[in-house]
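Structure file final-v5.cif with mmCIF, C-alpha atoms and all ligand atoms:
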```cif
data_coords
loop_
_atom_site.label_atom_id
_atom_site.label_comp_id
_atom_site.auth_asym_id
_atom_site.auth_seq_id
_atom_site.Cartn_x
_atom_site.Cartn_y
_atom_site.Cartn_z
CA MET A 7 -48.25 -0.89 24.66
CA SER A 8 -50.99 0.60 22.55
CA GLY A 9 -54.12 0.00 24.63
CA GLU A 10 -56.11 -1.83 21.98
CA SER A 11 -59.77 -1.98 22.74
CA GLY A 12 -60.93 -5.07 24.52
CA GLU A 13 -57.79 -5.32 26.58
CA ALA A 14 -57.89 -3.88 30.08
CA ILE A 15 -55.22 -1.54 31.43
CA PHE A 16 -54.67 -1.22 35.18
CA ILE A 17 -53.11 2.06 36.30
CA GLU A 18 -51.95 1.17 39.78
CA GLY A 19 -50.73 2.83 42.94
CA GLY A 20 -51.24 6.45 41.90
CA ARG A 21 -53.09 9.27 43.63
CA VAL A 22 -56.27 9.53 41.60
CA LEU A 23 -57.37 13.15 41.62
CA ASP A 24 -60.75 13.73 40.00
CA PRO A 25 -62.28 16.92 41.40
CA ARG A 26 -65.64 16.47 39.64
CA GLY A 27 -66.02 12.95 40.99
CA GLY A 28 -64.84 13.98 44.45
CA ILE A 29 -61.99 11.44 44.32
CA ASP A 30 -58.61 12.11 45.91
CA GLY A 31 -56.70 9.09 47.13
CA ILE A 32 -54.61 6.08 46.17
CA ARG A 33 -56.72 4.09 43.71
CA THR A 34 -56.44 1.76 40.76
CA LEU A 35 -57.93 3.08 37.55
CA VAL A 36 -59.10 0.35 35.21
CA ILE A 37 -59.56 1.12 31.51
CA ARG A 38 -61.53 -1.36 29.41
CA ASP A 39 -62.69 -0.98 25.79
CA GLY A 40 -61.30 2.55 25.79
CA ARG A 41 -63.47 3.61 28.68
CA VAL A 42 -63.13 4.14 32.41
CA ALA A 43 -64.28 0.79 33.82
CA GLU A 44 -63.53 1.36 37.46
CA VAL A 45 -61.74 3.56 39.99
CA ALA A 46 -61.32 1.53 43.16
CA GLU A 47 -59.11 0.96 46.17
CA ARG A 48 -58.92 -2.79 45.62
CA VAL A 49 -59.27 -4.44 42.24
CA GLU A 50 -58.90 -8.05 41.20
CA ARG A 51 -56.72 -8.31 38.17
CA PRO A 52 -55.52 -11.19 36.06
CA ARG A 53 -51.82 -11.94 36.54
CA ASP A 54 -51.00 -11.21 32.91
CA ALA A 55 -52.94 -7.94 32.86
CA ARG A 56 -51.32 -4.87 31.39
CA THR A 57 -50.40 -2.51 34.16
CA VAL A 58 -48.94 0.96 34.49
CA ASP A 59 -47.09 1.68 37.70
CA ALA A 60 -48.27 5.10 38.90
CA ARG A 61 -46.78 5.00 42.39
CA GLY A 62 -45.70 8.49 43.45
CA LYS A 63 -47.71 10.00 40.60
CA TRP A 64 -51.08 11.64 40.09
CA VAL A 65 -53.70 10.10 37.85
CA THR A 66 -56.14 12.74 36.62
CA PRO A 67 -58.64 13.34 33.86
CA GLY A 68 -56.82 14.50 30.73
CA PHE A 69 -56.40 18.28 30.73
CA ILE A 70 -58.59 20.39 28.46
CA ASP A 71 -57.22 23.60 26.95
CA LEU A 72 -59.86 26.18 26.02
CA HIS A 73 -57.37 28.29 24.10
CA SER A 74 -54.73 27.05 21.66
CA HIS A 75 -53.54 28.44 18.35
CA LEU A 76 -52.78 25.44 16.15
CA ARG A 77 -52.12 27.67 13.08
CA GLU A 78 -53.52 25.24 10.51
CA PRO A 79 -54.71 26.00 7.86
CA GLY A 80 -52.37 28.61 6.49
CA GLN A 81 -49.43 28.95 8.88
CA GLU A 82 -48.11 25.42 9.08
CA TYR A 83 -44.57 26.75 9.46
CA LYS A 84 -45.59 27.85 12.99
CA GLU A 85 -47.60 24.77 14.00
CA THR A 86 -49.93 22.15 12.55
CA VAL A 87 -52.92 20.44 14.07
CA ALA A 88 -50.74 17.33 14.43
CA SER A 89 -47.72 19.06 16.01
CA GLY A 90 -49.98 21.06 18.32
CA ALA A 91 -51.86 17.93 19.35
CA ARG A 92 -48.55 16.18 20.06
CA ALA A 93 -47.37 19.12 22.20
CA ALA A 94 -50.71 19.08 24.00
CA LEU A 95 -50.31 15.43 25.02
CA ALA A 96 -46.78 16.06 26.26
CA GLY A 97 -48.31 18.64 28.58
CA GLY A 98 -51.12 16.36 29.78
CA PHE A 99 -53.80 17.95 27.56
CA THR A 100 -55.96 15.31 25.88
CA ALA A 101 -58.23 17.93 24.30
CA VAL A 102 -57.57 21.39 22.92
CA CYS A 103 -59.84 24.08 21.51
CA ALA A 104 -58.34 25.47 18.30
CA MET A 105 -58.67 29.23 17.87
CA PRO A 106 -60.14 30.38 14.55
CA ASN A 107 -57.56 33.03 13.54
CA THR A 108 -56.04 30.75 10.91
CA VAL A 109 -55.52 31.62 7.24
CA PRO A 110 -58.31 31.56 6.12
CA PRO A 111 -60.10 32.04 9.43
CA CYS A 112 -62.55 29.44 10.71
CA ASP A 113 -65.70 31.36 9.85
CA ASN A 114 -67.37 28.55 7.86
CA ALA A 115 -67.89 24.80 7.93
CA SER A 116 -65.11 23.92 5.48
CA VAL A 117 -62.33 25.25 7.74
CA ALA A 118 -63.80 23.60 10.86
CA GLU A 119 -64.11 20.32 8.96
CA LEU A 120 -60.51 20.57 7.76
CA VAL A 121 -59.26 21.07 11.33
CA LEU A 122 -61.30 18.08 12.52
CA GLU A 123 -60.05 15.98 9.60
CA ARG A 124 -56.40 16.80 10.40
CA ALA A 125 -57.02 15.96 14.06
CA ARG A 126 -58.59 12.61 13.14
CA ALA A 127 -55.70 11.79 10.80
CA ALA A 128 -53.17 12.62 13.54
CA GLY A 129 -55.01 10.43 16.05
CA LEU A 130 -53.49 12.26 19.02
CA ALA A 131 -55.29 14.75 21.30
CA ARG A 132 -58.91 15.62 20.64
CA VAL A 133 -59.30 18.95 18.86
CA HIS A 134 -62.41 21.09 19.15
CA PRO A 135 -62.59 23.89 16.59
CA VAL A 136 -63.74 27.33 17.67
CA GLY A 137 -65.49 29.40 14.99
CA CYS A 138 -65.25 33.13 14.35
CA ILE A 139 -67.62 35.66 15.90
CA SER A 140 -67.45 37.78 12.73
CA LYS A 141 -66.82 36.90 9.10
CA GLY A 142 -63.10 37.13 8.33
CA LEU A 143 -62.50 38.32 11.94
CA LYS A 144 -63.33 41.77 10.60
CA GLY A 145 -65.79 42.77 13.28
CA GLU A 146 -68.37 43.83 10.71
CA GLU A 147 -70.75 40.98 9.97
CA LEU A 148 -71.59 37.92 12.07
CA ALA A 149 -70.49 34.48 10.87
CA GLU A 150 -73.12 31.72 10.42
CA TYR A 151 -73.29 30.20 13.90
CA GLY A 152 -75.72 27.43 12.92
CA GLU A 153 -73.29 26.23 10.25
CA LEU A 154 -70.33 26.50 12.65
CA LYS A 155 -72.12 24.57 15.38
CA ALA A 156 -73.27 21.88 12.95
CA SER A 157 -69.69 21.41 11.73
CA GLY A 158 -68.38 20.82 15.26
CA CYS A 159 -67.44 24.26 16.61
CA VAL A 160 -67.79 24.44 20.39
CA ALA A 161 -67.71 28.25 20.78
CA VAL A 162 -67.20 31.41 18.75
CA SER A 163 -64.34 33.87 19.18
CA ASP A 164 -62.52 36.60 17.26
CA ASP A 165 -59.49 35.97 19.48
CA GLY A 166 -56.52 38.13 18.68
CA ARG A 167 -58.95 40.95 18.08
CA PRO A 168 -61.62 42.54 20.23
CA VAL A 169 -65.17 43.06 18.93
CA MET A 170 -65.05 46.84 19.00
CA SER A 171 -68.70 47.48 18.07
CA PRO A 172 -71.03 47.07 21.04
CA ALA A 173 -73.96 46.63 18.65
CA LEU A 174 -72.24 43.74 16.86
CA MET A 175 -71.31 42.20 20.22
CA ARG A 176 -74.92 42.39 21.34
CA ARG A 177 -76.07 40.62 18.18
CA ALA A 178 -73.32 38.00 18.57
CA LEU A 179 -74.50 37.17 22.10
CA GLU A 180 -78.13 36.98 20.95
CA TYR A 181 -77.37 34.90 17.89
CA ALA A 182 -75.01 32.54 19.75
CA ARG A 183 -77.61 32.08 22.46
CA ALA A 184 -79.96 30.53 19.92
CA PHE A 185 -77.34 27.79 19.38
CA ASP A 186 -76.19 27.67 23.01
CA LEU A 187 -72.65 28.64 21.94
CA PRO A 188 -70.38 30.53 24.33
CA VAL A 189 -68.99 33.79 22.95
CA ALA A 190 -65.30 33.86 23.92
CA VAL A 191 -63.81 37.33 23.90
CA HIS A 192 -60.39 38.94 23.64
CA GLU A 193 -60.97 42.10 25.66
CA GLU A 194 -58.90 45.09 24.58
CA ASP A 195 -60.23 48.57 23.86
CA LEU A 196 -58.02 49.42 20.90
CA SER A 197 -58.34 53.19 21.28
CA LEU A 198 -57.36 53.04 24.94
CA ALA A 199 -54.61 50.49 24.26
CA GLY A 200 -53.04 52.56 21.47
CA LYS A 201 -49.71 51.39 20.10
CA TRP A 202 -48.16 49.39 22.90
CA ALA A 203 -45.36 46.94 23.56
CA MET A 204 -45.97 46.04 27.21
CA HIS A 205 -48.03 46.81 30.32
CA GLU A 206 -48.31 50.49 31.26
CA GLY A 207 -46.40 50.99 34.49
CA PRO A 208 -43.03 51.91 36.00
CA ALA A 209 -41.25 49.07 34.18
CA ALA A 210 -42.42 50.35 30.77
CA THR A 211 -41.36 53.89 31.67
CA ARG A 212 -37.92 52.69 32.71
CA LEU A 213 -37.51 50.59 29.56
CA GLY A 214 -38.80 53.37 27.33
CA LEU A 215 -41.54 51.15 25.87
CA ARG A 216 -45.09 52.22 25.26
CA GLY A 217 -47.56 50.72 27.68
CA MET A 218 -51.15 49.47 27.58
CA PRO A 219 -53.13 50.10 30.76
CA SER A 220 -54.97 47.26 32.49
CA GLN A 221 -58.12 49.34 32.06
CA ALA A 222 -58.05 48.71 28.28
CA GLU A 223 -59.15 45.20 29.23
CA GLU A 224 -61.37 46.10 32.17
CA VAL A 225 -63.60 48.56 30.28
CA MET A 226 -64.35 45.94 27.62
CA VAL A 227 -65.03 43.28 30.24
CA ARG A 228 -67.50 45.65 31.91
CA ARG A 229 -69.17 46.47 28.58
CA ASP A 230 -69.58 42.82 27.66
CA ILE A 231 -70.92 41.87 31.08
CA ALA A 232 -73.59 44.52 30.56
CA LEU A 233 -74.38 43.03 27.14
CA ALA A 234 -74.47 39.47 28.52
CA GLU A 235 -76.93 40.73 31.10
CA LEU A 236 -79.01 42.39 28.39
CA THR A 237 -79.10 39.36 26.10
CA GLY A 238 -78.84 36.37 28.43
CA GLY A 239 -75.98 35.13 26.24
CA ARG A 240 -73.01 33.08 27.45
CA LEU A 241 -69.93 35.28 27.73
CA HIS A 242 -66.48 33.76 28.20
CA VAL A 243 -63.62 36.17 28.93
CA GLN A 244 -60.32 34.92 27.56
CA HIS A 245 -56.90 35.41 29.14
CA VAL A 246 -57.95 37.70 32.01
CA SER A 247 -54.97 39.78 33.14
CA ALA A 248 -56.32 42.78 35.08
CA GLU A 249 -57.45 43.28 38.66
CA GLY A 250 -60.47 45.32 37.52
CA SER A 251 -61.59 42.53 35.20
CA VAL A 252 -61.47 39.99 38.02
CA ARG A 253 -63.53 42.30 40.22
CA ALA A 254 -66.09 42.92 37.48
CA ILE A 255 -66.48 39.20 36.74
CA ARG A 256 -66.78 38.34 40.44
CA GLU A 257 -69.57 40.95 40.89
CA ALA A 258 -71.38 39.85 37.72
CA ARG A 259 -71.40 36.20 38.75
CA LYS A 260 -72.88 37.16 42.11
CA ARG A 261 -75.72 38.83 40.19
CA GLY A 262 -76.25 35.69 38.14
CA VAL A 263 -74.84 36.94 34.83
CA ARG A 264 -73.70 34.06 32.57
CA VAL A 265 -70.01 34.88 32.46
CA THR A 266 -67.04 32.52 32.70
CA ALA A 267 -63.33 33.27 32.45
CA GLU A 268 -59.88 31.80 31.94
CA VAL A 269 -56.35 32.81 32.93
CA THR A 270 -53.03 31.75 31.41
CA PRO A 271 -50.06 30.20 33.21
CA HIS A 272 -47.86 33.11 32.14
CA HIS A 273 -50.19 35.75 33.62
CA LEU A 274 -50.23 33.74 36.86
CA ALA A 275 -46.48 33.26 37.04
CA LEU A 276 -44.89 36.36 35.52
CA GLY A 277 -45.20 40.15 35.65
CA ASP A 278 -43.97 43.24 33.85
CA GLU A 279 -40.77 43.30 35.91
CA ASP A 280 -39.89 39.97 34.29
CA VAL A 281 -39.89 41.77 30.92
CA ALA A 282 -37.35 44.17 32.37
CA ARG A 283 -35.28 41.36 33.88
CA SER A 284 -35.31 39.45 30.58
CA GLY A 285 -33.63 42.38 28.81
CA TYR A 286 -36.26 42.99 26.13
CA ASP A 287 -36.62 39.29 25.34
CA THR A 288 -39.47 39.04 22.83
CA ASP A 289 -40.52 35.70 24.34
CA PHE A 290 -41.95 37.85 27.13
CA LYS A 291 -44.22 39.71 24.70
CA MET A 292 -47.83 38.68 24.37
CA CYS A 293 -51.34 40.11 24.40
CA PRO A 294 -52.53 40.94 26.99
CA PRO A 295 -49.07 41.86 28.28
CA LEU A 296 -47.53 40.62 31.52
CA ARG A 297 -49.06 42.90 34.15
CA GLY A 298 -48.05 44.64 37.38
CA GLU A 299 -47.99 43.18 40.85
CA THR A 300 -51.57 44.03 41.90
CA ASP A 301 -52.95 42.51 38.71
CA VAL A 302 -50.91 39.32 39.15
CA ARG A 303 -52.11 39.00 42.73
CA ALA A 304 -55.72 39.53 41.61
CA VAL A 305 -55.68 36.85 38.90
CA ARG A 306 -54.14 34.38 41.35
CA GLU A 307 -56.88 35.11 43.89
CA GLY A 308 -59.51 34.96 41.15
CA LEU A 309 -58.32 31.53 40.09
CA ALA A 310 -58.16 30.27 43.67
CA ASP A 311 -61.71 31.40 44.53
CA GLY A 312 -63.18 30.20 41.22
CA THR A 313 -63.99 33.63 39.74
CA LEU A 314 -61.64 32.62 36.94
CA ASP A 315 -62.89 29.14 36.09
CA ALA A 316 -60.12 27.62 34.04
CA ILE A 317 -56.43 27.73 33.25
CA ALA A 318 -56.02 28.07 29.47
CA THR A 319 -52.66 28.24 27.76
CA ASP A 320 -53.17 30.72 24.89
CA HIS A 321 -50.51 28.55 23.21
CA ALA A 322 -49.35 30.82 20.39
CA PRO A 323 -46.39 29.45 18.42
CA HIS A 324 -44.40 31.80 16.21
CA SER A 325 -41.32 31.21 14.09
CA LEU A 326 -37.92 32.58 15.01
CA VAL A 327 -38.05 35.30 12.33
CA GLU A 328 -41.20 36.71 13.89
CA LYS A 329 -39.59 36.91 17.31
CA ALA A 330 -35.92 37.67 16.53
CA VAL A 331 -36.65 41.36 16.00
CA GLU A 332 -36.84 44.46 18.20
CA PHE A 333 -39.23 44.17 21.13
CA ASP A 334 -41.85 46.57 19.82
CA GLN A 335 -41.76 44.93 16.37
CA ALA A 336 -42.15 41.34 17.58
CA LEU A 337 -45.41 39.43 17.21
CA ASN A 338 -47.39 38.77 20.38
CA GLY A 339 -47.65 35.30 21.83
CA VAL A 340 -45.89 32.49 23.64
CA VAL A 341 -46.16 28.71 23.58
CA GLY A 342 -47.58 27.09 26.69
CA LEU A 343 -48.93 23.56 26.30
CA GLU A 344 -45.80 21.74 27.41
CA THR A 345 -45.01 23.92 30.42
CA ALA A 346 -48.47 24.70 31.86
CA PHE A 347 -48.53 21.98 34.50
CA GLY A 348 -45.01 22.55 35.80
CA VAL A 349 -45.49 26.32 35.90
CA CYS A 350 -48.85 26.13 37.70
CA LEU A 351 -47.85 23.41 40.15
CA ASP A 352 -45.36 25.92 41.52
CA LEU A 353 -48.36 28.01 42.66
CA CYS A 354 -49.47 25.05 44.81
CA ARG A 355 -46.07 24.75 46.43
CA ARG A 356 -46.19 28.45 47.25
CA GLY A 357 -49.59 28.11 48.91
CA ILE A 358 -51.42 30.20 46.31
CA LEU A 359 -53.56 27.38 44.93
CA SER A 360 -54.69 24.02 46.25
CA GLU A 361 -53.74 20.93 44.25
CA ARG A 362 -57.41 20.02 43.90
CA ARG A 363 -58.26 23.46 42.51
CA LEU A 364 -55.31 23.32 40.10
CA ILE A 365 -56.50 20.02 38.64
CA GLU A 366 -60.10 21.23 38.56
CA ALA A 367 -59.04 24.35 36.62
CA LEU A 368 -57.36 22.11 34.03
CA THR A 369 -60.10 19.44 33.76
CA ALA A 370 -63.69 19.72 35.00
CA ALA A 371 -63.82 23.53 34.88
CA PRO A 372 -62.87 23.99 31.20
CA ALA A 373 -65.17 21.09 30.25
CA GLY A 374 -68.00 22.91 31.97
CA VAL A 375 -67.21 26.30 30.43
CA PHE A 376 -67.59 25.12 26.80
CA GLY A 377 -69.79 22.11 27.58
CA LEU A 378 -67.15 19.66 26.34
CA PRO A 379 -66.97 15.91 26.94
CA GLY A 380 -64.28 14.76 29.36
CA GLY A 381 -62.92 16.48 32.43
CA GLY A 382 -63.78 13.63 34.80
CA LEU A 383 -63.27 9.91 35.39
CA GLU A 384 -66.88 8.79 35.54
CA LYS A 385 -67.48 5.09 34.92
CA GLY A 386 -68.20 4.52 31.24
CA ALA A 387 -66.64 7.79 30.06
CA PRO A 388 -63.97 7.66 27.32
CA ALA A 389 -60.67 7.11 29.12
CA ASP A 390 -58.91 10.44 28.57
CA VAL A 391 -56.33 10.30 31.33
CA ALA A 392 -53.10 12.04 32.31
CA ILE A 393 -50.45 10.59 34.58
CA LEU A 394 -48.40 13.34 36.18
CA ASP A 395 -45.18 13.13 38.13
CA PRO A 396 -45.42 16.04 40.59
CA GLY A 397 -41.81 15.55 41.69
CA MET A 398 -40.11 15.27 38.32
CA GLU A 399 -37.55 18.04 37.86
CA TRP A 400 -36.75 19.16 34.37
CA THR A 401 -35.28 22.11 32.54
CA VAL A 402 -37.36 23.85 29.89
CA GLU A 403 -35.43 23.45 26.64
CA PRO A 404 -37.55 24.81 23.78
CA ASP A 405 -35.41 22.94 21.21
CA ARG A 406 -36.85 19.75 22.66
CA PHE A 407 -40.49 20.86 22.51
CA LEU A 408 -42.85 18.79 20.40
CA SER A 409 -44.48 22.07 19.37
CA LYS A 410 -42.91 23.77 16.37
CA GLY A 411 -42.89 26.97 18.42
CA HIS A 412 -39.95 27.65 20.71
CA ASN A 413 -41.11 31.04 21.99
CA SER A 414 -41.34 30.30 25.73
CA PRO A 415 -40.68 32.80 28.52
CA PHE A 416 -39.90 29.80 30.73
CA LYS A 417 -36.91 28.63 28.69
CA GLY A 418 -34.00 27.64 30.85
CA ARG A 419 -36.15 27.36 33.96
CA ARG A 420 -36.09 24.39 36.28
CA LEU A 421 -39.67 23.20 36.66
CA VAL A 422 -40.93 20.51 38.99
CA GLY A 423 -43.89 18.50 37.70
CA ARG A 424 -44.43 16.86 34.35
CA CYS A 425 -46.86 14.66 32.47
CA THR A 426 -45.42 11.17 31.95
CA HIS A 427 -48.33 9.40 30.18
CA ALA A 428 -51.46 10.47 28.36
CA PHE A 429 -54.33 8.28 27.22
CA VAL A 430 -57.04 9.31 24.77
CA GLY A 431 -60.02 6.99 24.58
CA GLY A 432 -57.94 4.40 26.43
CA ARG A 433 -55.07 4.53 23.92
CA LEU A 434 -51.64 5.36 25.28
CA VAL A 435 -50.76 8.29 23.02
CA HIS A 436 -47.91 9.83 24.97
CA GLU A 437 -45.22 8.36 27.17
CA ILE A 438 -42.23 10.34 28.30
CA SER A 439 -38.94 8.82 27.21
CA ARG A 440 -35.84 8.59 29.30
CA GLY A 441 -34.45 11.58 27.45
CA GLY A 442 -37.35 13.57 28.85
CA ARG A 443 -39.19 14.14 25.64
ZN ZN A 501 -56.39 36.88 22.70
#
```
Could you rewrite the structure in this file as structure tokens?
Amino acid sequence: MSGESGEAIFIEGGRVLDPRGGIDGIRTLVIRDGRVAEVAERVERPRDARTVDARGKWVTPGFIDLHSHLREPGQEYKETVASGARAALAGGFTAVCAMPNTVPPCDNASVAELVLERARAAGLARVHPVGCISKGLKGEELAEYGELKASGCVAVSDDGRPVMSPALMRRALEYARAFDLPVAVHEEDLSLAGKWAMHEGPAATRLGLRGMPSQAEEVMVRRDIALAELTGGRLHVQHVSAEGSVRAIREARKRGVRVTAEVTPHHLALGDEDVARSGYDTDFKMCPPLRGETDVRAVREGLADGTLDAIATDHAPHSLVEKAVEFDQALNGVVGLETAFGVCLDLCRRGILSERRLIEALTAAPAGVFGLPGGGLEKGAPADVAILDPGMEWTVEPDRFLSKGHNSPFKGRRLVGRCTHAFVGGRLVHEISRGGR
């Protein structure tokens, strides 16, 4: 089944969960000409119509990831636009935002156009390029935001690096405001962070590893909130990990500052004690690091109450040689597209998050943060749809990932909840096979 345009597809018997449209109940979703034609309790359908049986499953808008590293151009041994887009679909993500720290970085139209061209050629998930805040990610000179926006970039970010100069950050917010681009920031005061391998706390002391305090993030979040307030720019805080950051963002939003935020599945699910338990496993090393208990509790609460808008994966594939080294030598980053739903659904079962809020944080919320299409099942919208089996048990086996990256801290875990089908523009572009791939 390919879902050619013109032919209708009836997705029947599933729980349609569309937080933006206020829908939560057993419905039939009808796709026609690649678009959502109808979401209804009772639908007349021709006897020979193409149907998908979604009984026992959830039917949701396709997930949108605000934060993926697809590594192309330049590091295709880690991931390509095509392999990343394939991994995205396996996780229920029908659209991903590609971070600009490629080689060369996406600080001009030609790189953004190449990423879009590779995505078109792959014909899988939608890919939205993110441009650099500064030329060459150097933090010295602003990139050309008009050119980036015109070539399809949906935000600017120097992700992987903080913008250390407050003056440059001010100008970035002002300049981006003229093009209505969000400025997405990796918050880490490098002088306060120092040379670090994990979160600063009792676990780091015990392991004899150098730690980075949560405040290295918080002080930058507070600085940039002040600058967003000064400029009226749109600030988006990436991968929030610290209690103080959550508090600062919550207070700023109450004052009306234009600040949004995201949190990763791994910062929601894991903490610094998991680094200890893993025995220095470098698949537990990322930036920001897995934090202490109070931080983990705070990001969970922040996600539940909407202070942290979206769940974003920070999918960061690396090759084995970059990870099979000593802990403090290993590169930062973990893959996340294929495990995000299963990992986060566990928070619902534990009463930390409602199912509606979980789906909102993966669909309507990220669409709103970057102003992207999708995120809902409105009539006439392109049919980007995920079908999820919330009861499917599976074991995370990185060798079977569609991503080229195998660096997952969830390897070996039993997860419950998995995407079984994904549609992009009404085309069935992912269907789980019996082998679970
Ligand atoms: Zn980052």
Handout entry: Proximity to Arg355 in chain A - best of A:Gly397, A:Ala258, A:Leu143, A:Arg406, all atoms listed in the file
Key =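 Result for the nearest residue to Arg355 in chain A: A:Gly397.
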Exercise for the section: Please extract the residues at most 8 Å from ligand ZN 501 (chain A), counting all atoms listed in the file, and provide them as a list in words, using the chain letters and residue numbers of this document. Expected result: Asp165, Gly166, Arg167, Val191, His192, Glu193, Gln244, His245, Cys293, Pro294 and Asp320 of chain A
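For the pair CA of Pro106 in chain A and CA of Ala322 in chain A, the interatomic distance is 12.3 Å.
The nearest approach to Arg183 in chain A among the residues A:Pro295, A:Gly285, A:Gly152, A:Gly31, with only C-alpha atoms taken into account, belongs to A:Gly152.
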Handout entry: CA of Phe69 in chain A to CA of Gly308 in chain A, straight-line distance in Å
Key = 19.9 Å
Can you spit out range 299-311 of chain A with N, CA, C and O atoms, as a tab-separated table (two decimals), in the first residue's frame, from the structure just given?
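Final output, result-v1.tsv:
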```tsv
chain	number	residue	atom	x	y	z
A	299	GLU	N	18.81	14.38	41.05
A	299	GLU	CA	17.39	14.10	41.28
A	299	GLU	C	16.49	15.34	41.25
A	299	GLU	O	15.40	15.31	40.67
A	300	THR	N	16.93	16.44	41.88
A	300	THR	CA	16.05	17.62	41.93
A	300	THR	C	15.88	18.22	40.54
A	300	THR	O	14.80	18.72	40.20
A	301	ASP	N	16.93	18.16	39.74
A	301	ASP	CA	16.82	18.66	38.37
A	301	ASP	C	15.86	17.81	37.55
A	301	ASP	O	15.03	18.33	36.81
A	302	VAL	N	15.98	16.49	37.68
A	302	VAL	CA	15.12	15.58	36.92
A	302	VAL	C	13.66	15.82	37.29
A	302	VAL	O	12.78	15.93	36.43
A	303	ARG	N	13.42	15.96	38.59
A	303	ARG	CA	12.05	16.22	39.04
A	303	ARG	C	11.54	17.54	38.44
A	303	ARG	O	10.40	17.64	37.99
A	304	ALA	N	12.40	18.55	38.42
A	304	ALA	CA	11.99	19.88	37.93
A	304	ALA	C	11.67	19.86	36.43
A	304	ALA	O	10.72	20.50	36.00
A	305	VAL	N	12.46	19.15	35.62
A	305	VAL	CA	12.14	19.14	34.19
A	305	VAL	C	10.86	18.34	33.92
A	305	VAL	O	10.09	18.69	33.02
A	306	ARG	N	10.62	17.31	34.73
A	306	ARG	CA	9.35	16.57	34.57
A	306	ARG	C	8.16	17.48	34.89
A	306	ARG	O	7.18	17.51	34.15
A	307	GLU	N	8.28	18.22	35.99
A	307	GLU	CA	7.19	19.12	36.37
A	307	GLU	C	7.03	20.23	35.33
A	307	GLU	O	5.92	20.62	34.98
A	308	GLY	N	8.16	20.72	34.83
A	308	GLY	CA	8.12	21.78	33.82
A	308	GLY	C	7.45	21.33	32.55
A	308	GLY	O	6.71	22.08	31.91
A	309	LEU	N	7.68	20.07	32.17
A	309	LEU	CA	7.03	19.54	30.97
A	309	LEU	C	5.53	19.37	31.23
A	309	LEU	O	4.68	19.74	30.41
A	310	ALA	N	5.20	18.83	32.41
A	310	ALA	CA	3.79	18.58	32.73
A	310	ALA	C	2.99	19.88	32.77
A	310	ALA	O	1.86	19.93	32.28
A	311	ASP	N	3.56	20.96	33.31
A	311	ASP	CA	2.77	22.20	33.44
A	311	ASP	C	2.94	23.13	32.23
A	311	ASP	O	2.38	24.23	32.20
```
